[in-house]
Amino acid sequence: MRTAVLIALVVAGSCVPAFAADPPKGPSLADLMKQPANRAAWYAMFAGETPPQWVDDYGKTLDGPPTPSIAVEANGETYTLGFTCKPNECGDNQLFVLFSPSGAKAWGLLQTGNEKKWFGAPDKNVQDAILSSID
């Protein structure tokens with residue numbers, strides 16, 4: 001009986017560090033886009049720009065991979081970084097979107113092959129925050 005209790009305690013204790021080590025996962029970009037402030041920031045980010053058709057389609061349908069967002073530290077605050085990609089061509093067509101803590105502002109990095117294009121006029125701190133989070 002003592003052996004069974006001891007084994008149960010060891011097994012239970014070994015599960016806690018593994019759970020605590022997992023980084024917290026946030027909502028997908030589609031879920032973030034359902035919030036009015038984030039949605040408005042998305043459209044403002046692309047104002048005066050012509051993103052690829054698949055990005056425009058994503059903004060309308062929110063149909064993309066359900067990848068969890070992550071928290072990103074920049075300028076002493078916590079931002080939210082979401083991700084989507086072109087259906088069936090994800091490897092060479094990726095979009096990373098960083099939302100400000102309030103959701104009032106968004107900046108994007110579109111990677112098409114080896115090319116990078118920025119949206120929303122991010123400053124160097126915001127660019128570095130995105131780049132360091134995706135490397």
# chains A, B, ... in the order shown; residues from 1 in each chain; ligands from 1
>>> residues_around(residues="A:Asp92", least_positions_apart="2", cutoff="12 Å", atoms="only C-alpha atoms", output="PyMOL selection string")
chain A and resi 84-90+94-95+110-116
>>> write_last_selection(atoms="N, CA, C and O atoms", output="mmCIF file, in the first residue's frame")
data_model
loop_
_atom_site.group_PDB
_atom_site.id
_atom_site.type_symbol
_atom_site.label_atom_id
_atom_site.label_comp_id
_atom_site.auth_asym_id
_atom_site.auth_seq_id
_atom_site.Cartn_x
_atom_site.Cartn_y
_atom_site.Cartn_z
ATOM 1 N N THR A 84 -0.996 33.816 -39.201
ATOM 2 C CA THR A 84 -1.766 33.073 -40.186
ATOM 3 C C THR A 84 -0.872 32.858 -41.401
ATOM 4 O O THR A 84 0.225 33.419 -41.495
ATOM 5 N N CYS A 85 -1.344 32.051 -42.317
ATOM 6 C CA CYS A 85 -0.573 31.807 -43.529
ATOM 7 C C CYS A 85 -1.511 31.458 -44.688
ATOM 8 O O CYS A 85 -2.696 31.198 -44.483
ATOM 9 N N LYS A 86 -0.941 31.472 -45.871
ATOM 10 C CA LYS A 86 -1.718 31.172 -47.077
ATOM 11 C C LYS A 86 -2.058 29.686 -47.112
ATOM 12 O O LYS A 86 -1.172 28.836 -46.953
ATOM 13 N N PRO A 87 -3.334 29.357 -47.296
ATOM 14 C CA PRO A 87 -3.722 27.953 -47.367
ATOM 15 C C PRO A 87 -2.933 27.190 -48.434
ATOM 16 O O PRO A 87 -2.750 27.679 -49.551
ATOM 17 N N ASN A 88 -2.452 26.029 -48.069
ATOM 18 C CA ASN A 88 -1.709 25.119 -48.939
ATOM 19 C C ASN A 88 -0.352 25.656 -49.390
ATOM 20 O O ASN A 88 0.315 25.007 -50.182
ATOM 21 N N GLU A 89 0.044 26.828 -48.922
ATOM 22 C CA GLU A 89 1.367 27.391 -49.254
ATOM 23 C C GLU A 89 1.927 28.108 -48.035
ATOM 24 O O GLU A 89 2.517 29.179 -48.150
ATOM 25 N N CYS A 90 1.735 27.511 -46.892
ATOM 26 C CA CYS A 90 2.072 28.158 -45.622
ATOM 27 C C CYS A 90 3.569 28.449 -45.480
ATOM 28 O O CYS A 90 3.942 29.484 -44.949
ATOM 29 N N GLN A 94 3.613 33.763 -44.968
ATOM 30 C CA GLN A 94 3.250 33.859 -43.567
ATOM 31 C C GLN A 94 3.006 35.314 -43.173
ATOM 32 O O GLN A 94 3.716 36.211 -43.620
ATOM 33 N N LEU A 95 2.021 35.509 -42.304
ATOM 34 C CA LEU A 95 1.710 36.834 -41.794
ATOM 35 C C LEU A 95 1.697 36.786 -40.272
ATOM 36 O O LEU A 95 0.982 35.976 -39.676
ATOM 37 N N LEU A 110 4.759 40.472 -43.245
ATOM 38 C CA LEU A 110 4.420 39.487 -44.258
ATOM 39 C C LEU A 110 5.721 38.919 -44.797
ATOM 40 O O LEU A 110 6.583 39.669 -45.270
ATOM 41 N N GLN A 111 5.879 37.606 -44.686
ATOM 42 C CA GLN A 111 7.047 36.937 -45.239
ATOM 43 C C GLN A 111 6.596 36.109 -46.430
ATOM 44 O O GLN A 111 5.781 35.201 -46.294
ATOM 45 N N THR A 112 7.128 36.475 -47.580
ATOM 46 C CA THR A 112 6.843 35.749 -48.809
ATOM 47 C C THR A 112 8.183 35.248 -49.329
ATOM 48 O O THR A 112 8.976 36.031 -49.861
ATOM 49 N N GLY A 113 8.441 33.959 -49.130
ATOM 50 C CA GLY A 113 9.764 33.433 -49.461
ATOM 51 C C GLY A 113 10.796 34.120 -48.588
ATOM 52 O O GLY A 113 10.672 34.145 -47.364
ATOM 53 N N ASN A 114 11.794 34.738 -49.222
ATOM 54 C CA ASN A 114 12.829 35.462 -48.474
ATOM 55 C C ASN A 114 12.513 36.941 -48.309
ATOM 56 O O ASN A 114 13.286 37.678 -47.716
ATOM 57 N N GLU A 115 11.408 37.392 -48.872
ATOM 58 C CA GLU A 115 11.048 38.809 -48.799
ATOM 59 C C GLU A 115 10.218 39.101 -47.556
ATOM 60 O O GLU A 115 9.376 38.300 -47.155
ATOM 61 N N LYS A 116 10.476 40.287 -46.975
ATOM 62 C CA LYS A 116 9.713 40.738 -45.814
ATOM 63 C C LYS A 116 9.066 42.071 -46.160
ATOM 64 O O LYS A 116 9.693 42.940 -46.749
#
>>> residues_around(residues="A:Pro66", least_positions_apart="2", cutoff="7 Å", atoms="only C-alpha atoms", output="PyMOL selection string")
chain A and resi 28+64+68
>>> select_by_dssp(residues="chain A", states="strand (DSSP E or B)", output="PyMOL selection string")
chain A and resi 28+68+70-74+77-85+93-99+106-112+115-119
>>> select_by_dssp(residues="stretch 32-78 of chain A", states="alpha helix (DSSP H)", output="list in words")
Leu32, Met33, Pro36, Ala37, Asn38, Arg39, Ala40, Ala41, Trp42, Tyr43, Ala44, Met45, Gln53, Trp54, Val55, Asp56, Asp57, Tyr58, Gly59, Lys60 and Thr61 of chain A
>>> closest_residue(among="A:Gly91, A:Gly103, A:Gly82, A:Pro27", to="A:Ala41", atoms="only C-alpha atoms")
A:Gly103
>>> closest_residue(among="A:Ser133, A:Ser100, A:Gln53, A:Asn125", to="A:Tyr79", atoms="only C-alpha atoms")
A:Ser100
>>> closest_residue(among="A:Trp118, A:Tyr43, A:Lys124, A:Lys105", to="A:Tyr58", atoms="only C-alpha atoms")
A:Tyr43
>>> atom_distance(atom1="atom CA of A:Arg39", atom2="atom CA of A:Pro52")
18.0 Å
>>> residues_around(residues="A:Asp128", least_positions_apart="4", cutoff="12 Å", atoms="only C-alpha atoms", output="list in words")
Val72, Glu73, Ala74, Asn75, Leu98, Trp107, Leu109, Trp118, Pro122, Asp123, Lys124, Ser132, Ser133, Ile134 and Asp135 of chain A
